[in-house]
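**Student:** The file below is model-v3.txt, compact mmCIF, C-alpha atoms and all ligand atoms:
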# COMPACT_ATOMS: atom_id res chain seq x y z
CA MET J 246 -96.38 40.16 149.75
CA THR J 247 -97.78 40.34 146.21
CA THR J 248 -95.74 42.27 143.68
CA ILE J 249 -97.46 43.33 140.47
CA LEU J 250 -95.99 44.93 137.36
CA GLY J 251 -98.56 47.28 135.81
CA ILE J 252 -98.47 48.42 132.17
CA GLU J 253 -100.61 51.29 130.83
CA SER J 254 -100.76 52.61 127.25
CA SER J 255 -104.41 53.54 126.69
CA CYS J 256 -103.86 57.13 125.54
CA ASP J 257 -100.75 59.30 125.34
CA GLU J 258 -98.71 58.04 128.28
CA THR J 259 -96.52 54.95 128.10
CA ALA J 260 -96.31 53.80 131.69
CA ALA J 261 -95.05 50.92 133.81
CA ALA J 262 -94.93 50.51 137.59
CA VAL J 263 -94.18 47.94 140.24
CA VAL J 264 -96.56 47.99 143.22
CA GLU J 265 -96.65 45.81 146.34
CA ASP J 266 -99.97 44.70 147.86
CA GLY J 267 -101.94 47.31 145.91
CA LYS J 268 -100.51 50.20 147.91
CA THR J 269 -96.74 50.50 148.06
CA ILE J 270 -95.10 51.92 144.95
CA LEU J 271 -91.65 50.46 144.28
CA SER J 272 -91.33 52.26 140.94
CA ASN J 273 -93.59 54.38 138.74
CA ILE J 274 -92.38 55.36 135.26
CA VAL J 275 -94.45 57.56 132.95
CA ALA J 276 -93.18 58.53 129.49
CA SER J 277 -95.47 61.33 128.40
CA GLN J 278 -96.08 62.16 124.75
CA ILE J 279 -97.34 65.66 125.52
CA ASP J 280 -94.56 67.34 123.49
CA LEU J 281 -95.34 65.14 120.51
CA HIS J 282 -99.06 65.98 120.49
CA ALA J 283 -98.82 69.61 121.61
CA GLN J 284 -98.27 70.81 118.03
CA TYR J 285 -101.64 69.31 117.05
CA GLY J 286 -103.48 70.67 120.08
CA GLY J 287 -104.70 67.18 121.00
CA VAL J 288 -103.78 63.50 120.91
CA PHE J 289 -103.02 62.22 117.41
CA PRO J 290 -103.90 58.48 117.55
CA GLU J 291 -101.52 57.15 114.86
CA LEU J 292 -98.57 59.02 116.31
CA ALA J 293 -99.53 57.83 119.79
CA SER J 294 -99.30 54.12 118.93
CA ARG J 295 -95.96 54.56 117.19
CA ALA J 296 -94.57 56.45 120.18
CA HIS J 297 -95.81 53.67 122.51
CA VAL J 298 -93.99 51.06 120.39
CA GLU J 299 -90.77 53.07 120.65
CA ALA J 300 -91.03 53.68 124.40
CA ILE J 301 -92.55 50.59 125.96
CA GLY J 302 -89.51 48.29 126.21
CA GLN J 303 -87.40 50.93 127.93
CA VAL J 304 -90.25 52.05 130.21
CA VAL J 305 -90.91 48.50 131.49
CA GLU J 306 -87.20 47.79 131.94
CA THR J 307 -86.73 51.01 133.90
CA ALA J 308 -89.73 50.24 136.11
CA LEU J 309 -88.31 46.80 136.96
CA HIS J 310 -84.79 48.17 137.44
CA ASP J 311 -85.92 51.03 139.72
CA ALA J 312 -87.91 48.57 141.81
CA GLY J 313 -84.83 46.36 142.11
CA LYS J 314 -86.70 43.46 140.51
CA THR J 315 -86.31 41.16 137.54
CA ALA J 316 -89.30 39.99 135.51
CA GLN J 317 -89.03 36.65 137.36
CA ASP J 318 -89.47 38.34 140.79
CA ILE J 319 -92.91 39.65 139.85
CA ASP J 320 -96.02 37.72 140.95
CA ALA J 321 -98.30 38.95 138.13
CA VAL J 322 -98.41 41.30 135.17
CA ALA J 323 -101.40 43.67 134.77
CA VAL J 324 -102.22 45.64 131.65
CA THR J 325 -104.92 48.10 130.60
CA ARG J 326 -107.38 46.39 128.26
CA GLY J 327 -109.62 49.44 127.77
CA PRO J 328 -111.21 51.90 127.43
CA GLY J 329 -108.80 53.87 125.26
CA LEU J 330 -107.38 54.25 121.78
CA ILE J 331 -107.31 50.87 120.03
CA GLY J 332 -103.83 51.23 118.53
CA SER J 333 -102.36 52.45 121.81
CA LEU J 334 -104.03 49.74 123.90
CA LEU J 335 -102.72 47.00 121.60
CA VAL J 336 -99.10 48.02 122.15
CA GLY J 337 -99.37 47.56 125.93
CA ILE J 338 -101.46 44.40 125.63
CA ASN J 339 -99.07 42.68 123.23
CA TYR J 340 -96.04 43.62 125.24
CA ALA J 341 -97.67 42.34 128.44
CA LYS J 342 -98.71 39.09 126.77
CA GLY J 343 -95.14 38.54 125.61
CA LEU J 344 -93.81 39.16 129.10
CA ALA J 345 -96.39 36.84 130.71
CA LEU J 346 -95.62 34.11 128.19
CA MET J 347 -91.89 34.46 128.71
CA THR J 348 -92.05 34.40 132.52
CA GLY J 349 -95.04 32.08 132.99
CA LYS J 350 -96.65 34.68 135.32
CA PRO J 351 -100.41 35.37 135.40
CA LEU J 352 -101.66 38.25 133.26
CA LEU J 353 -104.58 40.44 134.36
CA ALA J 354 -106.53 42.48 131.77
CA MET J 355 -107.62 45.62 133.57
CA ASN J 356 -110.20 48.35 133.12
CA HIS J 357 -108.53 51.78 132.97
CA LEU J 358 -111.37 53.45 134.91
CA GLU J 359 -110.97 50.94 137.71
CA GLY J 360 -107.30 51.91 137.69
CA HIS J 361 -108.28 55.53 138.37
CA VAL J 362 -110.50 54.31 141.24
CA TYR J 363 -107.59 52.46 142.86
CA SER J 364 -105.25 55.43 142.55
CA LEU J 365 -107.08 56.42 145.77
CA TRP J 366 -105.96 53.28 147.55
CA ILE J 367 -102.29 54.06 146.95
CA THR J 368 -102.54 57.25 148.97
CA GLN J 369 -100.49 57.08 152.16
CA PRO J 370 -101.16 57.12 155.07
CA PHE J 371 -104.25 55.11 154.37
CA ARG J 372 -107.51 55.30 156.32
CA PRO J 373 -109.73 52.20 155.89
CA VAL J 374 -112.64 52.70 153.51
CA VAL J 375 -116.24 52.15 154.66
CA PHE J 376 -118.45 51.36 151.65
CA PRO J 377 -120.43 52.63 149.81
CA VAL J 378 -118.36 55.52 148.46
CA LEU J 379 -119.27 57.93 145.69
CA ILE J 380 -116.61 58.23 143.00
CA LEU J 381 -116.25 60.97 140.40
CA ILE J 382 -113.76 60.10 137.66
CA VAL J 383 -112.85 63.22 135.70
CA ALA J 384 -110.24 62.75 133.01
CA GLY J 385 -109.40 63.57 129.41
CA GLY J 386 -111.41 60.67 128.05
CA HIS J 387 -114.00 60.22 130.81
CA THR J 388 -116.42 61.83 133.21
CA GLU J 389 -118.14 59.12 135.26
CA LEU J 390 -120.17 59.11 138.45
CA LEU J 391 -120.07 55.74 140.22
CA LEU J 392 -121.31 54.25 143.45
CA MET J 393 -118.76 51.74 144.71
CA ARG J 394 -120.49 49.27 147.04
CA ASP J 395 -117.48 47.07 147.69
CA HIS J 396 -114.22 46.12 146.02
CA GLY J 397 -115.11 45.38 142.41
CA ILE J 398 -118.81 46.29 142.77
CA TYR J 399 -119.78 49.43 140.88
CA GLN J 400 -123.10 51.03 140.05
CA ARG J 401 -122.78 53.56 137.25
CA LEU J 402 -125.00 56.54 138.09
CA GLY J 403 -124.17 58.71 135.10
CA GLY J 404 -121.52 60.25 132.94
CA THR J 405 -120.98 62.75 130.21
CA LEU J 406 -123.25 62.69 127.18
CA ASP J 407 -120.71 64.48 124.98
CA ASP J 408 -117.31 65.98 125.89
CA SER J 409 -115.52 64.90 129.04
CA ALA J 410 -114.56 67.51 131.64
CA GLY J 411 -110.90 67.20 130.62
CA GLU J 412 -111.79 67.66 126.96
CA ALA J 413 -113.66 70.84 127.88
CA PHE J 414 -110.52 72.15 129.61
CA ASP J 415 -108.40 71.18 126.60
CA LYS J 416 -110.75 72.76 124.04
CA VAL J 417 -111.11 76.01 125.97
CA GLY J 418 -107.33 76.03 126.48
CA ARG J 419 -107.00 75.89 122.70
CA LEU J 420 -109.48 78.76 122.28
CA LEU J 421 -107.37 80.81 124.66
CA ASN J 422 -104.19 79.84 122.78
CA LEU J 423 -102.78 78.16 125.89
CA PRO J 424 -100.43 75.16 125.52
CA PHE J 425 -101.78 71.56 125.45
CA PRO J 426 -103.13 70.04 127.66
CA GLY J 427 -105.36 72.94 128.63
CA GLY J 428 -106.28 71.80 132.17
CA PRO J 429 -103.16 72.74 134.13
CA HIS J 430 -102.63 75.93 132.07
CA ILE J 431 -106.20 77.09 132.63
CA GLU J 432 -105.78 76.44 136.33
CA GLN J 433 -102.57 78.52 136.40
CA SER J 434 -104.08 81.36 134.40
CA ALA J 435 -107.27 81.35 136.52
CA ILE J 436 -105.28 82.22 139.65
CA HIS J 437 -105.00 85.82 138.38
CA GLY J 438 -108.53 86.03 136.99
CA ASN J 439 -111.98 86.95 138.27
CA PRO J 440 -114.39 83.96 138.10
CA LYS J 441 -117.37 86.32 138.12
CA THR J 442 -116.44 88.11 134.88
CA TYR J 443 -118.52 85.77 132.72
CA GLU J 444 -121.61 83.77 133.68
CA PHE J 445 -121.10 80.67 131.52
CA PRO J 446 -123.96 78.12 131.34
CA ARG J 447 -124.04 75.31 133.90
CA GLY J 448 -125.35 72.67 131.46
CA LYS J 449 -127.77 69.83 132.36
CA ARG J 450 -128.92 71.09 135.74
CA ASP J 451 -131.55 68.34 135.89
CA ALA J 452 -132.38 65.40 138.10
CA SER J 453 -130.12 63.00 136.20
CA TYR J 454 -126.51 62.26 137.05
CA ASP J 455 -125.37 62.89 133.50
CA PHE J 456 -123.19 65.76 132.37
CA SER J 457 -122.87 67.81 129.20
CA PHE J 458 -119.89 70.03 128.46
CA SER J 459 -120.09 70.66 124.73
CA GLY J 460 -122.37 73.69 125.08
CA LEU J 461 -119.97 75.29 127.52
CA LYS J 462 -117.14 75.39 125.01
CA THR J 463 -119.43 76.98 122.40
CA ALA J 464 -120.58 79.57 124.94
CA VAL J 465 -116.97 80.47 125.75
CA MET J 466 -116.16 80.73 122.05
CA ARG J 467 -119.12 83.05 121.37
CA GLU J 468 -118.28 85.23 124.31
CA VAL J 469 -114.57 85.78 123.82
CA THR J 470 -113.50 85.19 120.23
CA VAL J 471 -113.91 87.27 117.11
CA ALA J 472 -116.03 85.44 114.53
CA PRO J 473 -113.76 84.47 111.61
CA SER J 474 -114.30 86.51 108.45
CA ALA J 475 -115.65 84.74 105.36
CA ASP J 476 -112.19 85.04 103.88
CA ALA J 477 -110.49 83.36 106.87
CA ARG J 478 -113.07 80.56 106.89
CA THR J 479 -112.22 79.49 103.37
CA LYS J 480 -108.45 79.87 103.73
CA ARG J 481 -106.76 76.50 104.08
CA GLU J 482 -104.36 76.48 106.99
CA PRO J 483 -102.71 73.59 108.81
CA ASP J 484 -104.50 72.99 112.12
CA ASN J 485 -101.50 73.96 114.20
CA GLU J 486 -101.47 77.43 112.66
CA LYS J 487 -105.12 78.10 113.41
CA LYS J 488 -105.10 80.45 116.36
CA SER J 489 -108.37 81.80 117.64
CA GLN J 490 -108.55 85.54 117.84
CA LEU J 491 -109.73 86.88 121.17
CA ARG J 492 -111.74 90.09 121.40
CA SER J 493 -109.46 92.94 122.30
CA GLU J 494 -111.00 93.65 125.72
CA VAL J 495 -110.81 90.00 126.85
CA ARG J 496 -108.39 88.96 129.59
CA VAL J 497 -107.41 85.29 129.28
CA SER J 498 -107.22 84.89 133.06
CA ASP J 499 -110.83 86.09 133.54
CA VAL J 500 -112.11 83.63 130.92
CA ALA J 501 -110.05 80.82 132.46
CA ALA J 502 -111.37 81.59 135.95
CA SER J 503 -115.00 81.91 134.82
CA PHE J 504 -114.82 78.71 132.77
CA GLN J 505 -113.18 76.78 135.60
CA ALA J 506 -115.89 78.01 137.97
CA ALA J 507 -118.61 76.73 135.61
CA VAL J 508 -117.08 73.25 135.15
CA THR J 509 -116.37 72.76 138.84
CA ASP J 510 -119.87 73.97 139.85
CA ILE J 511 -121.46 71.36 137.59
CA LEU J 512 -119.22 68.53 138.78
CA VAL J 513 -119.57 69.33 142.47
CA GLU J 514 -123.33 69.84 142.44
CA LYS J 515 -124.20 66.44 141.00
CA THR J 516 -121.52 64.56 142.92
CA VAL J 517 -122.64 65.93 146.28
CA ARG J 518 -126.31 65.26 145.49
CA ALA J 519 -125.57 61.66 144.43
CA ALA J 520 -123.49 61.02 147.55
CA LYS J 521 -126.43 62.13 149.68
CA GLU J 522 -129.06 60.19 147.76
CA TYR J 523 -127.08 56.94 147.87
CA GLY J 524 -125.87 57.26 151.45
CA ALA J 525 -122.17 57.33 150.58
CA THR J 526 -119.74 57.61 153.50
CA GLU J 527 -117.12 59.52 151.49
CA ILE J 528 -116.55 61.20 148.14
CA PHE J 529 -113.55 60.15 146.03
CA ILE J 530 -112.39 62.10 142.99
CA ALA J 531 -109.86 60.71 140.52
CA GLY J 532 -108.48 61.29 137.01
CA GLY J 533 -106.49 64.14 135.47
CA VAL J 534 -108.99 66.87 136.33
CA SER J 535 -108.98 65.82 140.02
CA ALA J 536 -105.60 67.58 140.17
CA ASN J 537 -107.54 70.84 139.94
CA GLN J 538 -107.36 72.75 143.24
CA MET J 539 -110.59 74.66 142.66
CA LEU J 540 -112.47 71.38 142.17
CA ARG J 541 -110.94 69.94 145.34
CA GLN J 542 -111.73 73.03 147.42
CA LYS J 543 -115.27 73.39 146.16
CA MET J 544 -116.01 69.72 146.78
CA ARG J 545 -114.70 69.98 150.35
CA LYS J 546 -116.70 73.13 150.97
CA ASP J 547 -120.02 71.83 149.62
CA THR J 548 -120.23 68.52 151.47
CA GLU J 549 -119.90 67.41 155.05
CA LEU J 550 -118.52 64.07 153.90
CA PRO J 551 -114.78 63.47 153.80
CA VAL J 552 -113.32 64.02 150.32
CA ARG J 553 -110.31 62.07 149.06
CA TYR J 554 -108.22 62.59 145.95
CA PRO J 555 -104.99 60.99 144.73
CA PRO J 556 -101.57 62.60 145.10
CA LEU J 557 -100.93 64.87 142.10
CA ASN J 558 -98.67 62.42 140.24
CA LEU J 559 -101.37 59.71 140.38
CA CYS J 560 -104.22 61.90 139.04
CA THR J 561 -103.15 61.69 135.42
CA ASP J 562 -102.57 58.37 133.68
CA ASN J 563 -100.03 56.04 135.24
CA ALA J 564 -99.42 52.32 135.64
CA ALA J 565 -99.23 52.22 139.45
CA MET J 566 -103.03 52.56 139.57
CA ILE J 567 -103.39 49.64 137.15
CA ALA J 568 -101.14 47.45 139.31
CA ALA J 569 -103.09 48.51 142.43
CA ALA J 570 -106.47 47.65 140.88
CA ALA J 571 -105.04 44.31 139.72
CA TYR J 572 -104.05 43.42 143.28
CA TYR J 573 -107.69 43.61 144.40
CA ARG J 574 -108.84 41.68 141.31
CA LEU J 575 -106.29 38.99 142.13
CA GLN J 576 -107.73 38.77 145.67
CA MET J 577 -111.17 38.30 144.10
CA GLY J 578 -109.86 35.50 141.91
CA LEU J 579 -110.04 37.16 138.51
CA ASN J 580 -109.02 34.57 135.94
CA SER J 581 -105.83 35.18 134.09
CA SER J 582 -105.74 34.44 130.38
CA LEU J 583 -103.65 35.36 127.37
CA ASP J 584 -106.69 35.19 125.14
CA PHE J 585 -108.16 38.69 125.11
CA ASP J 586 -108.43 41.68 122.81
CA ALA J 587 -108.45 45.42 123.43
CA LEU J 588 -111.84 46.90 124.43
CA PRO J 589 -111.71 50.57 123.28
CA THR J 590 -115.10 51.32 124.86
CA TRP J 591 -115.48 49.45 128.13
CA ALA J 592 -117.76 50.82 130.83
CA LEU J 593 -117.05 50.19 134.49
CA ASN J 594 -119.99 48.47 136.19
CA ASN J 595 -120.76 45.22 137.97
CA THR J 596 -120.49 43.11 134.85
CA THR J 597 -117.19 44.58 133.65
CA TYR J 598 -115.13 41.46 134.35
CA GLU J 599 -117.77 38.88 133.54
CA LYS J 600 -117.02 38.52 129.83
O1 LIG K 701 -106.47 61.02 133.49
P1 LIG K 701 -105.84 61.66 132.31
O2 LIG K 701 -104.34 61.67 132.25
O3 LIG K 701 -106.31 61.03 130.96
C1 LIG K 701 -107.41 60.20 130.71
O4 LIG K 701 -107.55 59.12 131.32
O5 LIG K 701 -108.21 60.60 129.83
O6 LIG K 701 -106.39 63.17 132.24
C2 LIG K 701 -105.92 64.12 131.34
C3 LIG K 701 -106.82 65.33 131.41
C4 LIG K 701 -106.53 66.41 130.36
O7 LIG K 701 -107.74 66.74 129.72
C5 LIG K 701 -105.99 67.57 131.18
O8 LIG K 701 -106.29 68.84 130.63
C6 LIG K 701 -106.69 67.38 132.49
O9 LIG K 701 -106.72 65.98 132.68
N1 LIG K 701 -105.99 68.02 133.62
C7 LIG K 701 -106.50 69.04 134.35
C8 LIG K 701 -105.50 69.39 135.30
N2 LIG K 701 -104.43 68.57 135.12
C9 LIG K 701 -104.76 67.73 134.09
N3 LIG K 701 -107.67 69.69 134.27
C10 LIG K 701 -107.89 70.69 135.15
N4 LIG K 701 -107.00 71.09 136.06
C11 LIG K 701 -105.79 70.49 136.19
N5 LIG K 701 -104.90 70.89 137.11
ZN ZN K 702 -107.10 58.05 132.50
Please, can you express the file's structure as structure tokens?
**Tutor:**
Amino acid sequence: MTTILGIESSCDETAAAVVEDGKTILSNIVASQIDLHAQYGGVFPELASRAHVEAIGQVVETALHDAGKTAQDIDAVAVTRGPGLIGSLLVGINYAKGLALMTGKPLLAMNHLEGHVYSLWITQPFRPVVFPVLILIVAGGHTELLLMRDHGIYQRLGGTLDDSAGEAFDKVGRLLNLPFPGGPHIEQSAIHGNPKTYEFPRGKRDASYDFSFSGLKTAVMREVTVAPSADARTKREPDNEKKSQLRSEVRVSDVAASFQAAVTDILVEKTVRAAKEYGATEIFIAGGVSANQMLRQKMRKDTELPVRYPPLNLCTDNAAMIAAAAYYRLQMGLNSSLDFDALPTWALNNTTYEK
């Protein structure tokens, strides 16, 4: 039995978890900063790192305590090295280094995107995976399409050229004056709306496996908001007081449903096509946006391949997925070292762990 303590602090969640053999969660603690950032309508990097500093000690202690373990009982410590916000990453990395030094345990520096991939392996009951599988990672910071040929072997097929899918949800949520983060609130609102009310553009319908979501937000803005008057444009207001003004005839739920339909159409179309072209045996979706029921349903409907997604609590950022990914890296003999820095932009591909 290999017991790994995972630590994750790449964005706005301070998280720690203890996981056995890459699949059994003994504890999974997530301290979310959503309330802190909600007033700004997005993640405020400086505040995020300070909040990580305040939370991390307690979060790790609680994860160990809930698992019934001491730091000495753990076989290895795993921490997110990137991608993410530099200041936030450094808090987790330094804490993990201190813990590894104190206990003499190996320390694994993990890629956050690979963490999202392995959130699928934690799902119980587990059916064995036959490679290759096609993986769509859709989160606040990322939209990536990957072919996974084996454990640790990834071919990056494409990704977003501008906003991520999660960012699109968050920005449109803001336009609709919904609370942050927009994703879950848009999904809730869309339940009562008609997805056919607006025909929003399905950007980048080309042969590539790249995505573009920035035009979609602009299209939504043009369609549903009142253009600000010259007077309002020059008025200085704090960001959190800037509310967009919707046209009087607009129903928020119809916009939410139409927008959600556009994003999910784009994601599903390219994922299903890539799975076919590369002969994938299954489609996996992971990351915050994979919690979206419309995305899950549409993906299942449009492909004959089995579709897997993580349990809801493992879609958004957590440390259990980092500990799970680290278990497989440990099996592959990833070297442990205390001598590494944060990598705020770190793609996931075959060479990820070669530096
Ligand atoms: O994976 P995650 O916690 O963060 C990153 O790694 O970036 O994903 C957060 C993102 C946010 O943009 C949030 O709006 C979105 O996931 N999200 C959703 C849903 N739940 C979270 N988007 C659509 N539908 C949801 N149910
Ligand atoms: Zn994430």
**Student:** Counting only C-alpha atoms, which residue out of J:Ala341, J:Met566, J:Leu406, J:Ile511 sits closest to Val263 in chain J?
**Tutor:**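 Among the listed residues, J:Met566 lies closest to Val263 in chain J.
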**Student:** Name each residue within 9 Å of ligand ZN 702 (chain K), counting all atoms listed in the file, as number ranges by chain.
**Tutor:** J: 255-256, 328-329, 357-358, 360-361, 382-387, 531-533, 560-563
**Student:** One decimal, in Å: what's the spacing between CA of Gly578 in chain J and CA of Met355 in chain J?
**Tutor:** 13.3 Å
**Student:** Enclose ligand LIG 701 (chain K), meaning all of its atoms listed in the file, in a box aligned along x, y and z, pad it by 4 Å on each side, and list the centre and edge lengths in Å to one decimal, as AutoDock Vina command-line options.
**Tutor:**
--center_x -106.3 --center_y 65.1 --center_z 133.4 --size_x 11.9 --size_y 20.0 --size_z 15.4
**Student:** Just the residues within 6 Å of range 468-471 of chain J, please, counting all atoms listed in the file, with nothing from its chain fewer than 3 positions along; format it as a list in words.
**Tutor:**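 Surrounding residues, per the criterion: Val465, Gln490, Leu491 and Arg492 of chain J.
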**Student:** Considering only C-alpha atoms, state which residue in the set J:Lys488, J:Arg496, J:Lys543, J:Lys515 is at the smallest distance from Thr405 in chain J.
**Tutor:**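 Closest to Thr405 in chain J of all the choices is J:Lys515.
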**Student:** Would you mind reading off the distance between atom N2 of ligand LIG 701 (chain K) and CA of Leu365 in chain J, one decimal, in Å?
**Tutor:**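 Spanning atom N2 of ligand LIG 701 (chain K) to CA of Leu365 in chain J is a straight-line distance of 16.4 Å.
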**Student:** Measuring atom to atom with all atoms listed in the file, identify which of J:Arg518, J:Lys268, J:Arg447, J:Arg326 is nearest to Ala506 in chain J.
**Tutor:**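 Of J:Arg518, J:Lys268, J:Arg447, J:Arg326, the one nearest Ala506 in chain J, counting all atoms listed in the file, is J:Arg447.
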**Student:** Name the residues in contact with Leu593 in chain J at a cut-off of 8 Å, using all atoms listed in the file, excluding same-chain residues fewer than 4 positions from it; report them as a PyMOL selection string.
**Tutor:** chain J and resi 356+358-359+399+401+597
**Student:** Contacts of Ala564 in chain J at 8 Å or less, counting all atoms listed in the file, minus same-chain residues fewer than 5 places along, as a short mmCIF file (atom, residue, chain, number, x, y, z; two decimals) with C-alpha atoms, in the frame of the given file?
**Tutor:**
data_model
loop_
_atom_site.label_atom_id
_atom_site.label_comp_id
_atom_site.auth_asym_id
_atom_site.auth_seq_id
_atom_site.Cartn_x
_atom_site.Cartn_y
_atom_site.Cartn_z
CA GLY J 251 -98.56 47.28 135.81
CA ILE J 252 -98.47 48.42 132.17
CA GLU J 253 -100.61 51.29 130.83
CA ALA J 260 -96.31 53.80 131.69
CA ALA J 261 -95.05 50.92 133.81
CA ALA J 262 -94.93 50.51 137.59
CA ASN J 273 -93.59 54.38 138.74
CA ILE J 274 -92.38 55.36 135.26
CA VAL J 275 -94.45 57.56 132.95
#
**Student:** Quick one: of J:Thr548, J:Asn595, J:Ser294, J:Thr269, who's nearest to Phe371 in chain J, counting all atoms listed in the file?
**Tutor:**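 When distances to Phe371 in chain J are compared using all atoms listed in the file, the smallest one comes from J:Thr269.
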**Student:** Could you check how far CA of Ala316 in chain J sits from CA of Gly397 in chain J, in Å to one decimal?
**Tutor:**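 Interatomic distance, CA of Ala316 in chain J to CA of Gly397 in chain J: 27.3 Å.
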**Student:** With a distance cut-off of 10 Å and only C-alpha atoms, select the neighbouring residues of range 350-353 of chain J, excluding the residue or stretch itself and same-chain residues fewer than 6 positions from it, and output the selection as JSON, numbers by chain.
**Tutor:** {"J": [249, 250, 251, 316, 317, 318, 319, 320, 321, 322, 323, 324, 325, 326, 338, 341, 342, 344, 567, 568, 570, 571, 572, 574, 575, 579, 580, 581, 582, 583]}
**Student:** Counting all atoms listed in the file, which residues have an atom no more than 6 Å from (-108.8, 80.7, 120.6) in the file's coordinates? Please list them as a VMD selection string.
**Tutor:** chain J and resid 419 to 422 488 to 490
**Student:** Could you pull the residues within 9 Å of Leu512 in chain J, counting all atoms listed in the file, minus those fewer than 6 positions along the same chain, as number ranges by chain?
**Tutor:** J: 381, 383, 410, 456, 540, 544
**Student:** Given all atoms listed in the file as the basis, pick out the residue of J:Glu265, J:Glu549, J:Asp408, J:Asp280 nearest to ligand LIG 701 (chain K).
**Tutor:**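 Nearest candidate to ligand LIG 701 (chain K) out of J:Glu265, J:Glu549, J:Asp408, J:Asp280: J:Asp408.
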**Student:** Counting all atoms listed in the file, which of J:Gly403, J:Pro473, J:Gly411, J:Pro290 gets nearest to Asn594 in chain J?
**Tutor:** J:Gly403
**Student:** Regenerate range 269-274 of chain J at the level of all heavy atoms and dump it as a PDB file, keeping the file's coordinate frame.
**Tutor:**
ATOM      1  N   THR J 269     -98.092  49.957 147.930  1.00  0.00           N
ATOM      2  CA  THR J 269     -96.740  50.500 148.060  1.00  0.00           C
ATOM      3  C   THR J 269     -96.051  50.557 146.691  1.00  0.00           C
ATOM      4  O   THR J 269     -95.834  49.522 146.059  1.00  0.00           O
ATOM      5  CB  THR J 269     -95.899  49.641 149.028  1.00  0.00           C
ATOM      6  OG1 THR J 269     -96.673  49.446 150.214  1.00  0.00           O
ATOM      7  CG2 THR J 269     -94.585  50.310 149.367  1.00  0.00           C
ATOM      8  N   ILE J 270     -95.735  51.761 146.257  1.00  0.00           N
ATOM      9  CA  ILE J 270     -95.100  51.920 144.950  1.00  0.00           C
ATOM     10  C   ILE J 270     -93.599  51.679 145.050  1.00  0.00           C
ATOM     11  O   ILE J 270     -92.914  52.365 145.810  1.00  0.00           O
ATOM     12  CB  ILE J 270     -95.355  53.352 144.402  1.00  0.00           C
ATOM     13  CG1 ILE J 270     -96.850  53.564 144.138  1.00  0.00           C
ATOM     14  CG2 ILE J 270     -94.551  53.603 143.132  1.00  0.00           C
ATOM     15  CD1 ILE J 270     -97.183  54.916 143.529  1.00  0.00           C
ATOM     16  N   LEU J 271     -93.099  50.682 144.318  1.00  0.00           N
ATOM     17  CA  LEU J 271     -91.650  50.460 144.280  1.00  0.00           C
ATOM     18  C   LEU J 271     -91.030  51.239 143.125  1.00  0.00           C
ATOM     19  O   LEU J 271     -89.878  51.652 143.189  1.00  0.00           O
ATOM     20  CB  LEU J 271     -91.333  48.960 144.129  1.00  0.00           C
ATOM     21  CG  LEU J 271     -91.876  48.036 145.233  1.00  0.00           C
ATOM     22  CD1 LEU J 271     -91.360  46.621 145.057  1.00  0.00           C
ATOM     23  CD2 LEU J 271     -91.505  48.555 146.624  1.00  0.00           C
ATOM     24  N   SER J 272     -91.791  51.416 142.053  1.00  0.00           N
ATOM     25  CA  SER J 272     -91.330  52.260 140.940  1.00  0.00           C
ATOM     26  C   SER J 272     -92.557  52.697 140.155  1.00  0.00           C
ATOM     27  O   SER J 272     -93.588  52.025 140.172  1.00  0.00           O
ATOM     28  CB  SER J 272     -90.371  51.497 140.030  1.00  0.00           C
ATOM     29  OG  SER J 272     -91.063  50.434 139.384  1.00  0.00           O
ATOM     30  N   ASN J 273     -92.437  53.843 139.477  1.00  0.00           N
ATOM     31  CA  ASN J 273     -93.590  54.380 138.740  1.00  0.00           C
ATOM     32  C   ASN J 273     -93.044  55.249 137.607  1.00  0.00           C
ATOM     33  O   ASN J 273     -92.675  56.386 137.825  1.00  0.00           O
ATOM     34  CB  ASN J 273     -94.462  55.203 139.710  1.00  0.00           C
ATOM     35  CG  ASN J 273     -95.737  55.690 139.053  1.00  0.00           C
ATOM     36  OD1 ASN J 273     -96.188  55.132 138.048  1.00  0.00           O
ATOM     37  ND2 ASN J 273     -96.317  56.738 139.601  1.00  0.00           N
ATOM     38  N   ILE J 274     -92.991  54.673 136.407  1.00  0.00           N
ATOM     39  CA  ILE J 274     -92.380  55.360 135.260  1.00  0.00           C
ATOM     40  C   ILE J 274     -93.469  55.798 134.287  1.00  0.00           C
ATOM     41  O   ILE J 274     -94.305  54.988 133.887  1.00  0.00           O
ATOM     42  CB  ILE J 274     -91.389  54.425 134.519  1.00  0.00           C
ATOM     43  CG1 ILE J 274     -90.357  53.829 135.481  1.00  0.00           C
ATOM     44  CG2 ILE J 274     -90.703  55.167 133.362  1.00  0.00           C
ATOM     45  CD1 ILE J 274     -89.457  54.840 136.154  1.00  0.00           C
TER      46      ILE J 274
END
